[in-house]
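Visitor: Structure supplied as input.pdb; contents: PDB, C-alpha atoms.
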```pdb
ATOM      1  CA  MET A  14     -93.005 -16.476 208.659
ATOM      2  CA  ALA A  15     -95.750 -16.120 206.105
ATOM      3  CA  GLU A  16     -98.620 -18.610 206.282
ATOM      4  CA  ARG A  17     -97.682 -19.928 202.858
ATOM      5  CA  SER A  18     -94.073 -20.498 203.962
ATOM      6  CA  ALA A  19     -95.220 -22.437 206.998
ATOM      7  CA  ARG A  20     -97.568 -24.558 204.911
ATOM      8  CA  GLN A  21     -95.002 -25.332 202.209
ATOM      9  CA  VAL A  22     -91.845 -25.799 204.303
ATOM     10  CA  LEU A  23     -93.164 -27.307 207.538
ATOM     11  CA  GLY A  24     -95.328 -30.239 206.514
ATOM     12  CA  PRO A  25     -97.104 -32.573 208.946
ATOM     13  CA  ALA A  26     -94.042 -34.771 209.504
ATOM     14  CA  SER A  27     -91.869 -31.740 210.272
ATOM     15  CA  LEU A  28     -94.446 -30.326 212.668
ATOM     16  CA  ASP A  29     -94.651 -33.669 214.472
ATOM     17  CA  ARG A  30     -90.874 -33.610 214.975
ATOM     18  CA  LEU A  31     -91.021 -30.036 216.243
ATOM     19  CA  ILE A  32     -93.806 -30.879 218.697
ATOM     20  CA  ASP A  33     -91.642 -33.704 220.068
ATOM     21  CA  LEU A  34     -88.811 -31.233 220.667
ATOM     22  CA  LEU A  35     -90.579 -28.047 221.726
ATOM     23  CA  ASP A  36     -93.524 -26.630 223.579
ATOM     24  CA  LEU A  37     -95.048 -25.479 220.308
ATOM     25  CA  ASP A  38     -98.453 -24.397 219.028
ATOM     26  CA  PRO A  39     -98.336 -25.721 215.432
ATOM     27  CA  GLY A  40    -101.283 -23.575 214.410
ATOM     28  CA  LEU A  41     -99.656 -20.310 215.430
ATOM     29  CA  VAL A  42     -97.865 -18.532 212.580
ATOM     30  CA  LEU A  43     -96.779 -14.905 213.028
ATOM     31  CA  ASP A  44     -96.126 -12.545 210.129
ATOM     32  CA  ASP A  45     -96.508  -9.420 212.259
ATOM     33  CA  PHE A  46     -94.839  -8.853 215.636
ATOM     34  CA  THR A  47     -96.968  -5.830 216.564
ATOM     35  CA  THR A  48    -100.357  -7.454 217.135
ATOM     36  CA  PRO A  49    -101.670  -8.169 220.655
ATOM     37  CA  ALA A  50    -101.607 -11.918 219.940
ATOM     38  CA  ALA A  51     -97.989 -11.698 218.784
ATOM     39  CA  ARG A  52     -96.994  -9.709 221.883
ATOM     40  CA  ARG A  53     -98.571 -12.296 224.182
ATOM     41  CA  THR A  54     -96.762 -15.091 222.379
ATOM     42  CA  LEU A  55     -93.395 -13.328 222.278
ATOM     43  CA  ALA A  56     -93.498 -12.733 226.014
ATOM     44  CA  ASP A  57     -92.861 -16.452 226.660
ATOM     45  CA  THR A  58     -90.841 -17.345 223.553
ATOM     46  CA  GLU A  59     -87.324 -18.722 223.908
ATOM     47  CA  LEU A  60     -86.777 -19.819 220.299
ATOM     48  CA  LEU A  61     -88.254 -18.582 217.035
ATOM     49  CA  VAL A  62     -88.537 -20.761 213.943
ATOM     50  CA  THR A  63     -88.542 -18.293 211.065
ATOM     51  CA  GLY A  64     -88.920 -18.446 207.287
ATOM     52  CA  TRP A  65     -89.768 -16.426 204.214
ATOM     53  CA  GLY A  66     -92.044 -13.531 205.159
ATOM     54  CA  CYS A  67     -90.688 -13.021 208.682
ATOM     55  CA  PRO A  68     -90.971  -9.374 209.802
ATOM     56  CA  PRO A  69     -87.873  -7.642 211.174
ATOM     57  CA  LEU A  70     -86.826  -8.609 214.669
ATOM     58  CA  ASP A  71     -86.222  -4.993 215.601
ATOM     59  CA  ARG A  72     -85.792  -3.526 219.063
ATOM     60  CA  PRO A  73     -89.550  -3.204 219.815
ATOM     61  CA  ALA A  74     -90.074  -6.841 218.842
ATOM     62  CA  LEU A  75     -87.159  -7.908 221.018
ATOM     63  CA  ASP A  76     -88.433  -5.810 223.927
ATOM     64  CA  ALA A  77     -91.628  -7.852 223.678
ATOM     65  CA  ALA A  78     -89.587 -11.078 223.781
ATOM     66  CA  PRO A  79     -87.405 -10.865 226.919
ATOM     67  CA  ARG A  80     -86.787 -14.640 226.987
ATOM     68  CA  LEU A  81     -85.776 -14.982 223.335
ATOM     69  CA  ARG A  82     -82.412 -16.740 223.027
ATOM     70  CA  ALA A  83     -82.272 -18.228 219.536
ATOM     71  CA  VAL A  84     -83.631 -17.985 215.992
ATOM     72  CA  VAL A  85     -83.599 -20.906 213.552
ATOM     73  CA  HIS A  86     -84.315 -19.804 209.987
ATOM     74  CA  THR A  87     -85.804 -22.335 207.559
ATOM     75  CA  ALA A  88     -84.515 -20.453 204.497
ATOM     76  CA  GLY A  89     -81.320 -18.771 203.305
ATOM     77  CA  THR A  90     -80.341 -15.217 204.092
ATOM     78  CA  VAL A  91     -81.290 -13.710 207.454
ATOM     79  CA  ARG A  92     -80.654 -10.152 206.289
ATOM     80  CA  HIS A  93     -84.355  -9.370 206.006
ATOM     81  CA  HIS A  94     -85.276 -10.042 209.628
ATOM     82  CA  ILE A  95     -82.170 -10.310 211.841
ATOM     83  CA  THR A  96     -81.272  -6.772 212.909
ATOM     84  CA  ASP A  97     -78.308  -5.262 214.738
ATOM     85  CA  ALA A  98     -80.435  -5.363 217.878
ATOM     86  CA  CYS A  99     -80.429  -9.177 217.678
ATOM     87  CA  TRP A 100     -76.645  -9.319 217.634
ATOM     88  CA  GLU A 101     -76.410  -6.759 220.430
ATOM     89  CA  ARG A 102     -78.711  -8.952 222.493
ATOM     90  CA  GLY A 103     -76.488 -12.001 221.856
ATOM     91  CA  ILE A 104     -79.197 -14.065 220.200
ATOM     92  CA  ALA A 105     -77.905 -17.232 218.541
ATOM     93  CA  VAL A 106     -78.949 -17.450 214.881
ATOM     94  CA  SER A 107     -78.946 -20.429 212.525
ATOM     95  CA  SER A 108     -79.851 -20.551 208.846
ATOM     96  CA  ALA A 109     -80.715 -23.297 206.364
ATOM     97  CA  ALA A 110     -78.657 -21.515 203.700
ATOM     98  CA  ALA A 111     -76.468 -24.590 203.244
ATOM     99  CA  ALA A 112     -79.512 -26.699 202.398
ATOM    100  CA  ASN A 113     -80.771 -24.076 199.966
ATOM    101  CA  ALA A 114     -77.353 -23.854 198.302
ATOM    102  CA  LEU A 115     -77.510 -27.397 196.941
ATOM    103  CA  PRO A 116     -80.415 -27.024 194.465
ATOM    104  CA  VAL A 117     -78.977 -23.718 193.235
ATOM    105  CA  ALA A 118     -75.646 -25.429 192.645
ATOM    106  CA  GLU A 119     -77.361 -28.347 190.899
ATOM    107  CA  TYR A 120     -79.240 -25.955 188.611
ATOM    108  CA  THR A 121     -76.013 -24.094 187.872
ATOM    109  CA  VAL A 122     -73.986 -27.187 187.029
ATOM    110  CA  ALA A 123     -76.773 -28.462 184.764
ATOM    111  CA  MET A 124     -76.801 -25.140 182.921
ATOM    112  CA  ILE A 125     -73.004 -25.055 182.604
ATOM    113  CA  LEU A 126     -72.962 -28.507 181.021
ATOM    114  CA  LEU A 127     -75.928 -27.803 178.740
ATOM    115  CA  SER A 128     -74.493 -24.447 177.682
ATOM    116  CA  ASN A 129     -71.092 -25.855 176.726
ATOM    117  CA  LYS A 130     -72.797 -28.721 174.874
ATOM    118  CA  ARG A 131     -74.910 -26.148 172.974
ATOM    119  CA  VAL A 132     -77.975 -28.235 173.811
ATOM    120  CA  LEU A 133     -80.458 -25.344 173.642
ATOM    121  CA  ASP A 134     -79.085 -24.137 170.301
ATOM    122  CA  ILE A 135     -79.098 -27.588 168.753
ATOM    123  CA  ALA A 136     -82.561 -28.424 170.104
ATOM    124  CA  ARG A 137     -83.898 -25.157 168.663
ATOM    125  CA  ASP A 138     -82.357 -25.822 165.253
ATOM    126  CA  TYR A 139     -83.521 -29.432 165.219
ATOM    127  CA  ARG A 140     -87.070 -28.393 166.079
ATOM    128  CA  ALA A 141     -87.068 -25.847 163.266
ATOM    129  CA  GLU A 142     -85.359 -27.931 160.559
ATOM    130  CA  ARG A 143     -86.378 -31.506 161.441
ATOM    131  CA  ARG A 144     -83.630 -33.087 159.329
ATOM    132  CA  THR A 145     -80.227 -34.693 159.668
ATOM    133  CA  VAL A 146     -77.476 -32.129 160.254
ATOM    134  CA  ASP A 147     -73.761 -32.474 160.922
ATOM    135  CA  TRP A 148     -73.859 -30.845 164.333
ATOM    136  CA  ASN A 149     -70.084 -31.052 164.679
ATOM    137  CA  GLU A 150     -69.756 -28.830 161.638
ATOM    138  CA  ARG A 151     -72.414 -26.400 162.734
ATOM    139  CA  TYR A 152     -71.233 -26.135 166.342
ATOM    140  CA  PRO A 153     -67.506 -26.968 166.259
ATOM    141  CA  ASP A 154     -66.984 -25.585 169.774
ATOM    142  CA  ALA A 155     -69.710 -27.705 171.419
ATOM    143  CA  GLY A 156     -68.807 -29.947 174.360
ATOM    144  CA  ASN A 157     -67.398 -29.841 177.872
ATOM    145  CA  TYR A 158     -63.930 -31.308 177.349
ATOM    146  CA  ARG A 159     -61.257 -28.827 178.429
ATOM    147  CA  ARG A 160     -63.643 -25.892 178.443
ATOM    148  CA  THR A 161     -63.100 -23.009 180.854
ATOM    149  CA  VAL A 162     -65.662 -22.143 183.531
ATOM    150  CA  GLY A 163     -65.421 -18.948 185.554
ATOM    151  CA  ILE A 164     -66.917 -18.793 189.043
ATOM    152  CA  LEU A 165     -67.618 -15.307 190.335
ATOM    153  CA  SER A 166     -67.443 -15.547 194.153
ATOM    154  CA  ALA A 167     -66.661 -18.509 196.365
ATOM    155  CA  SER A 168     -69.883 -18.085 198.308
ATOM    156  CA  ALA A 169     -71.557 -21.136 199.838
ATOM    157  CA  ILE A 170     -73.252 -21.752 196.502
ATOM    158  CA  GLY A 171     -70.137 -20.961 194.496
ATOM    159  CA  ARG A 172     -68.145 -23.466 196.544
ATOM    160  CA  ARG A 173     -70.841 -26.107 196.062
ATOM    161  CA  VAL A 174     -70.735 -25.523 192.307
ATOM    162  CA  ILE A 175     -66.954 -25.952 192.342
ATOM    163  CA  GLU A 176     -67.359 -29.198 194.275
ATOM    164  CA  LEU A 177     -69.955 -30.563 191.840
ATOM    165  CA  LEU A 178     -67.800 -29.658 188.830
ATOM    166  CA  ARG A 179     -64.807 -31.715 190.015
ATOM    167  CA  PRO A 180     -65.661 -34.923 188.095
ATOM    168  CA  TYR A 181     -65.685 -33.074 184.765
ATOM    169  CA  ASP A 182     -62.769 -32.263 182.443
ATOM    170  CA  LEU A 183     -63.111 -28.514 182.951
ATOM    171  CA  ASP A 184     -60.666 -25.738 183.752
ATOM    172  CA  VAL A 185     -62.307 -23.819 186.607
ATOM    173  CA  LEU A 186     -61.238 -20.249 187.342
ATOM    174  CA  LEU A 187     -62.301 -18.199 190.353
ATOM    175  CA  TYR A 188     -62.509 -14.555 191.210
ATOM    176  CA  ASP A 189     -63.106 -13.756 194.864
ATOM    177  CA  PRO A 190     -61.128 -11.007 196.634
ATOM    178  CA  TYR A 191     -61.538 -12.798 199.977
ATOM    179  CA  VAL A 192     -59.977 -16.066 198.798
ATOM    180  CA  THR A 193     -56.202 -16.497 198.742
ATOM    181  CA  ALA A 194     -54.298 -18.378 196.053
ATOM    182  CA  GLN A 195     -53.650 -21.156 198.577
ATOM    183  CA  GLU A 196     -57.353 -21.442 199.433
ATOM    184  CA  ALA A 197     -58.207 -21.488 195.735
ATOM    185  CA  GLY A 198     -55.739 -24.319 195.257
ATOM    186  CA  GLU A 199     -57.386 -26.253 198.073
ATOM    187  CA  LEU A 200     -60.719 -25.771 196.288
ATOM    188  CA  GLY A 201     -59.152 -27.139 193.104
ATOM    189  CA  VAL A 202     -59.486 -23.913 191.119
ATOM    190  CA  ARG A 203     -57.188 -21.117 190.009
ATOM    191  CA  GLN A 204     -57.698 -17.591 191.319
ATOM    192  CA  VAL A 205     -57.551 -14.934 188.580
ATOM    193  CA  PRO A 206     -58.295 -11.186 188.369
ATOM    194  CA  LEU A 207     -61.855 -10.231 187.474
ATOM    195  CA  PRO A 208     -61.075  -8.973 183.921
ATOM    196  CA  GLU A 209     -59.224 -12.214 183.145
ATOM    197  CA  LEU A 210     -62.155 -14.299 184.378
ATOM    198  CA  PHE A 211     -64.478 -12.614 181.884
ATOM    199  CA  ALA A 212     -61.979 -12.596 179.030
ATOM    200  CA  ARG A 213     -61.101 -16.300 179.295
ATOM    201  CA  ALA A 214     -64.182 -18.237 180.405
ATOM    202  CA  ASP A 215     -66.536 -20.054 178.051
ATOM    203  CA  VAL A 216     -69.162 -19.948 180.801
ATOM    204  CA  ILE A 217     -69.261 -17.529 183.722
ATOM    205  CA  SER A 218     -71.477 -18.294 186.711
ATOM    206  CA  VAL A 219     -72.359 -15.458 189.083
ATOM    207  CA  HIS A 220     -72.616 -16.306 192.799
ATOM    208  CA  THR A 221     -71.913 -12.901 194.343
ATOM    209  CA  PRO A 222     -74.245 -11.686 197.104
ATOM    210  CA  LEU A 223     -75.921  -8.348 196.465
ATOM    211  CA  LEU A 224     -74.128  -5.797 198.622
ATOM    212  CA  PRO A 225     -73.474  -2.091 198.093
ATOM    213  CA  ALA A 226     -70.020  -3.006 196.792
ATOM    214  CA  THR A 227     -71.336  -5.609 194.324
ATOM    215  CA  GLN A 228     -74.215  -3.681 192.758
ATOM    216  CA  GLY A 229     -73.448  -3.597 189.032
ATOM    217  CA  LEU A 230     -70.203  -5.511 189.586
ATOM    218  CA  VAL A 231     -70.648  -7.299 186.264
ATOM    219  CA  SER A 232     -70.214  -4.137 184.253
ATOM    220  CA  ARG A 233     -70.621  -3.230 180.613
ATOM    221  CA  GLU A 234     -66.833  -3.473 180.195
ATOM    222  CA  LEU A 235     -66.661  -6.975 181.658
ATOM    223  CA  LEU A 236     -69.549  -8.187 179.514
ATOM    224  CA  ALA A 237     -67.891  -6.725 176.426
ATOM    225  CA  ALA A 238     -64.718  -8.650 177.275
ATOM    226  CA  MET A 239     -66.487 -12.017 177.166
ATOM    227  CA  PRO A 240     -65.553 -14.180 174.163
ATOM    228  CA  ASP A 241     -68.103 -14.363 171.357
ATOM    229  CA  GLY A 242     -70.538 -17.169 172.081
ATOM    230  CA  ALA A 243     -69.713 -17.332 175.792
ATOM    231  CA  THR A 244     -72.513 -17.801 178.338
ATOM    232  CA  LEU A 245     -73.312 -15.815 181.472
ATOM    233  CA  ILE A 246     -75.305 -17.663 184.159
ATOM    234  CA  ASN A 247     -76.810 -15.667 187.013
ATOM    235  CA  THR A 248     -78.488 -17.404 189.942
ATOM    236  CA  ALA A 249     -77.401 -14.774 192.495
ATOM    237  CA  ARG A 250     -79.179 -11.414 192.286
ATOM    238  CA  GLY A 251     -80.124  -9.513 189.164
ATOM    239  CA  ALA A 252     -78.656  -6.223 190.341
ATOM    240  CA  VAL A 253     -75.143  -7.683 190.466
ATOM    241  CA  VAL A 254     -75.186  -7.454 186.649
ATOM    242  CA  ASP A 255     -75.594  -4.368 184.466
ATOM    243  CA  GLN A 256     -78.907  -5.508 183.020
ATOM    244  CA  GLU A 257     -79.029  -2.933 180.234
ATOM    245  CA  ALA A 258     -75.567  -3.871 178.972
ATOM    246  CA  LEU A 259     -76.341  -7.586 179.256
ATOM    247  CA  THR A 260     -79.569  -7.156 177.301
ATOM    248  CA  GLU A 261     -77.724  -5.348 174.541
ATOM    249  CA  GLU A 262     -75.090  -8.078 174.269
ATOM    250  CA  VAL A 263     -77.687 -10.870 174.251
ATOM    251  CA  VAL A 264     -80.033  -9.152 171.791
ATOM    252  CA  ALA A 265     -77.076  -8.595 169.470
ATOM    253  CA  GLY A 266     -76.488 -12.352 169.583
ATOM    254  CA  ARG A 267     -72.882 -12.009 170.697
ATOM    255  CA  ILE A 268     -73.179 -13.914 173.999
ATOM    256  CA  ARG A 269     -75.657 -16.261 175.618
ATOM    257  CA  ALA A 270     -77.372 -15.880 178.985
ATOM    258  CA  VAL A 271     -79.076 -18.156 181.494
ATOM    259  CA  LEU A 272     -80.857 -15.911 183.968
ATOM    260  CA  ASP A 273     -82.757 -17.151 186.990
ATOM    261  CA  VAL A 274     -82.725 -13.615 188.437
ATOM    262  CA  THR A 275     -83.214 -10.286 186.703
ATOM    263  CA  VAL A 276     -83.911  -6.604 187.390
ATOM    264  CA  PRO A 277     -86.755  -6.225 188.000
ATOM    265  CA  GLU A 278     -87.452  -9.694 189.402
ATOM    266  CA  LEU A 279     -90.300 -10.043 186.889
ATOM    267  CA  LEU A 280     -89.116  -8.658 183.582
ATOM    268  CA  PRO A 281     -91.601  -6.409 181.748
ATOM    269  CA  ALA A 282     -93.659  -8.290 179.177
ATOM    270  CA  ALA A 283     -91.998  -6.227 176.440
ATOM    271  CA  SER A 284     -88.451  -7.202 177.438
ATOM    272  CA  PRO A 285     -86.584  -8.447 174.356
ATOM    273  CA  LEU A 286     -84.862 -11.102 176.462
ATOM    274  CA  TYR A 287     -88.014 -13.248 176.405
ATOM    275  CA  ASP A 288     -87.731 -13.638 172.634
ATOM    276  CA  CYS A 289     -83.979 -14.163 172.357
ATOM    277  CA  ASP A 290     -83.028 -17.644 171.188
ATOM    278  CA  ASN A 291     -79.709 -17.250 172.982
ATOM    279  CA  ALA A 292     -81.315 -16.480 176.370
ATOM    280  CA  LEU A 293     -82.941 -18.848 178.843
ATOM    281  CA  ILE A 294     -84.981 -17.001 181.458
ATOM    282  CA  THR A 295     -86.385 -18.875 184.474
ATOM    283  CA  PRO A 296     -88.523 -17.316 187.252
ATOM    284  CA  HIS A 297     -86.148 -17.602 190.242
ATOM    285  CA  ILE A 298     -86.566 -21.377 190.533
ATOM    286  CA  ALA A 299     -82.948 -22.427 191.125
ATOM    287  CA  GLY A 300     -83.403 -22.432 194.903
ATOM    288  CA  SER A 301     -85.422 -24.961 196.876
ATOM    289  CA  LYS A 302     -88.744 -25.803 195.268
ATOM    290  CA  SER A 303     -91.584 -28.146 196.231
ATOM    291  CA  GLY A 304     -90.094 -31.406 197.530
ATOM    292  CA  GLU A 305     -86.707 -29.745 198.065
ATOM    293  CA  LEU A 306     -88.270 -27.577 200.770
ATOM    294  CA  ARG A 307     -88.215 -30.618 203.054
ATOM    295  CA  ARG A 308     -84.418 -30.390 203.061
ATOM    296  CA  LEU A 309     -84.705 -26.910 204.593
ATOM    297  CA  ALA A 310     -87.042 -28.190 207.289
ATOM    298  CA  ASP A 311     -84.793 -31.155 208.054
ATOM    299  CA  LEU A 312     -81.730 -28.936 208.489
ATOM    300  CA  ALA A 313     -83.638 -26.504 210.709
ATOM    301  CA  ILE A 314     -85.007 -29.305 212.880
ATOM    302  CA  GLY A 315     -81.513 -30.735 213.211
ATOM    303  CA  GLU A 316     -80.372 -27.345 214.504
ATOM    304  CA  ILE A 317     -83.249 -27.257 216.981
ATOM    305  CA  GLU A 318     -82.274 -30.731 218.217
ATOM    306  CA  ARG A 319     -78.773 -29.389 218.855
ATOM    307  CA  TYR A 320     -80.185 -26.375 220.702
ATOM    308  CA  VAL A 321     -82.465 -28.321 223.032
ATOM    309  CA  THR A 322     -79.605 -30.707 223.914
ATOM    310  CA  GLY A 323     -77.261 -27.838 224.739
ATOM    311  CA  ARG A 324     -75.011 -28.080 221.675
ATOM    312  CA  PRO A 325     -74.001 -25.129 219.468
ATOM    313  CA  PHE A 326     -75.586 -24.699 216.061
ATOM    314  CA  ALA A 327     -73.839 -26.476 213.197
ATOM    315  CA  HIS A 328     -75.002 -23.753 210.791
ATOM    316  CA  ALA A 329     -74.638 -20.664 212.942
ATOM    317  CA  VAL A 330     -74.745 -17.258 211.263
ATOM    318  CA  ARG A 331     -71.845 -15.023 212.277
ATOM    319  CA  PRO A 332     -72.530 -11.286 212.197
ATOM    320  CA  GLU A 333     -68.945 -10.421 211.289
ATOM    321  CA  VAL A 334     -69.258 -12.046 207.849
ATOM    322  CA  LEU A 335     -72.625 -10.572 206.902
ATOM    323  CA  ASP A 336     -70.970  -7.578 205.247
ATOM    324  CA  ARG A 337     -69.679  -9.920 202.525
ATOM    325  CA  SER A 338     -72.218 -12.731 202.426
ATOM    326  CA  ALA A 339     -75.846 -13.180 201.532
TER     327      ALA A 339
END
```
As structure tokens - that is how I would like this structure written.
Guide:
Amino acid sequence: MAERSARQVLGPASLDRLIDLLDLDPGLVLDDFTTPAARRTLADTELLVTGWGCPPLDRPALDAAPRLRAVVHTAGTVRHHITDACWERGIAVSSAAAANALPVAEYTVAMILLSNKRVLDIARDYRAERRTVDWNERYPDAGNYRRTVGILSASAIGRRVIELLRPYDLDVLLYDPYVTAQEAGELGVRQVPLPELFARADVISVHTPLLPATQGLVSRELLAAMPDGATLINTARGAVVDQEALTEEVVAGRIRAVLDVTVPELLPAASPLYDCDNALITPHIAGSKSGELRRLADLAIGEIERYVTGRPFAHAVRPEVLDRSA
């Protein structure tokens, strides 16, 4: 992993736990598998603890690591470093994606509730006018009672959002082609076609992984079908949404947007979205930040404890589902 990842995710307490479990050099952090030092280390390595900034574990890297049996990733997706060669070799892989899903889901639920309550709109007006206003008259649709929320994809994060929404008086719809009506019922939601999701929901939350099949999935037509005043929340990947069409809809003031991810990742300084009162743009902060990073380390260390005691990973990554997951 990158030095910064190691410093931020694996604090002193985490390193102490790892040293108790493993023959580990806590000062050794590799972000390049091609150096002589990396080759010497890989030659005796049975387990890799990886994180953000890990280089690809390609065939040359694996050839240098004949004893490698497992990889425990202290972050979410393993797409950036686990290659086909790893699966061919039979290497066991674990990911802390489940731990990273929780803060994203928390962020999403907070934004759903704030959006339906029209908190950002009312706060903006109150700041500007600084007087008593009948907010019920001005925003007659504000509130979360019996509002409709659309979840795009029952990914790990999407499912966590559904779980966290259960205490609220909301009608939750789902679109996910891999989820049956029975499974949707077990989740407590109703499966609907994609056009219906966008046409009916007051708030739509995007949780679709970025795959070739999902690039631009949220199209101009779907955005145009959203009810006036509806909100689109995206904490997945910016490229899942037609950014040009979304910008046009938001700039026109027809819909609202809460975007933690965009295309490009850092919007140009001249992007009109920055100045839209009906848009909230955050710099990819929904995932684990600061103190939440300890949750990633704790999950990864728990997986390592399972490995060294001969038990299978509780959060194993299965190659057969990677074509439709993050």
Visitor: Applying the PyMOL selection byres ((chain A and resi 327) around 12) to the file I just gave you, which residues come out? Please list them as a PyMOL selection string.
Guide: chain A and resi 85+105-111+312-320+324-326+328-331
Visitor: Starting from the PyMOL selection byres ((chain A and resi 68-71) around 8), expand the selection into actual residues of this file and give them as a PyMOL selection string.
Guide: chain A and resi 14+44-46+66-67+72-75+93-99
Visitor: Which residues fall under the PyMOL selection byres ((chain A and resi 237-246) around 6) in this file, as a PyMOL selection string?
Guide: chain A and resi 211-212+215-218+234-236+247+267-272
Visitor: Please indicate the distance in Å from CA of Leu23 in chain A to CA of Ala78 in chain A, rounded to one decimal place.
Guide: 23.2 Å
Visitor: For CA of Gln195 in chain A and CA of Gly163 in chain A, quote the distance in Å rounded to one decimal.
Guide: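 It comes out at 17.7 Å.
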Visitor: Could you give me, as a PDB file with C-alpha atoms, keeping the file's coordinate frame, the residues that sit within 9 Å of (-58.5, -28.4, 178.4) in the file's coordinates, counting all atoms listed in the file?
Guide:
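Result file follows (selection.pdb):
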```pdb
ATOM      1  CA  TYR A 158     -63.930 -31.308 177.349  1.00  0.00           C
ATOM      2  CA  ARG A 159     -61.257 -28.827 178.429  1.00  0.00           C
ATOM      3  CA  ARG A 160     -63.643 -25.892 178.443  1.00  0.00           C
ATOM      4  CA  THR A 161     -63.100 -23.009 180.854  1.00  0.00           C
ATOM      5  CA  ASP A 182     -62.769 -32.263 182.443  1.00  0.00           C
ATOM      6  CA  LEU A 183     -63.111 -28.514 182.951  1.00  0.00           C
ATOM      7  CA  ASP A 184     -60.666 -25.738 183.752  1.00  0.00           C
TER       8      ASP A 184
END
```
Visitor: Can you tell me how far CA of Thr87 in chain A sits from CA of Ala226 in chain A, in Å to one decimal?
Guide: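 Between CA of Thr87 in chain A and CA of Ala226 in chain A the gap is 27.2 Å.
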Visitor: Draw an axis-aligned box tight on the listed atoms of range 167-186 of chain A, then pad every side by 5 Å and write out centre and edge lengths in Å to one decimal as AutoDock Vina command-line options.
Guide:
```
--center_x -67.0 --center_y -26.5 --center_z 191.1 --size_x 22.6 --size_y 26.8 --size_z 27.4
```
Visitor: Which residue, A:Gly171, A:Pro277, A:Gly300, A:Gly156, has the smallest gap to Leu200 in chain A when you use all atoms listed in the file?
Guide: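 Among A:Gly171, A:Pro277, A:Gly300, A:Gly156, it is A:Gly171 that comes nearest to Leu200 in chain A.
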Visitor: Considering all atoms listed in the file, state which residue in the set A:Leu41, A:Ala310, A:Ala282, A:Val162 is at the smallest distance from Gly64 in chain A.
Guide: A:Ala310
Visitor: When you count all atoms listed in the file, which of these residues is closest to Ser303 in chain A: A:Pro116, A:Asn291, A:Asn157, A:Ala15?
Guide: A:Pro116
Visitor: Could you give me, as JSON, numbers by chain, the residues within 12 Å of Trp148 in chain A, counting all atoms listed in the file and dropping anything in the same chain fewer than 4 positions from it?
Guide: {"A": [130, 131, 132, 134, 135, 136, 138, 139, 144, 152, 153, 154, 155, 156]}
Visitor: Which residue is closest to Ala252 in chain A? Choose from A:Val219, A:Ala83, A:Leu210, A:Val264 and count only C-alpha atoms.
Guide: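 Looking at the shortest contact to Ala252 in chain A, the residue is A:Val219.
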Visitor: Counting only C-alpha atoms, which residue out of A:Asp311, A:Glu150, A:Asp36, A:Glu196 sits closest to Arg172 in chain A?
Guide: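 With only C-alpha atoms as the atom set, the closest residue is A:Glu196.
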Visitor: When you count all atoms listed in the file, which of these residues is closest to Ser301 in chain A: A:Ala50, A:Val91, A:Leu279, A:Ala112?
Guide: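 Of all the options, A:Ala112 lies closest to Ser301 in chain A.
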Visitor: Counting all atoms listed in the file, what is within 9 Å of Ser166 in chain A, bar same-chain residues fewer than 4 positions away, as a ChimeraX atom specification?
Guide: /A:170-172,187-192,218-222
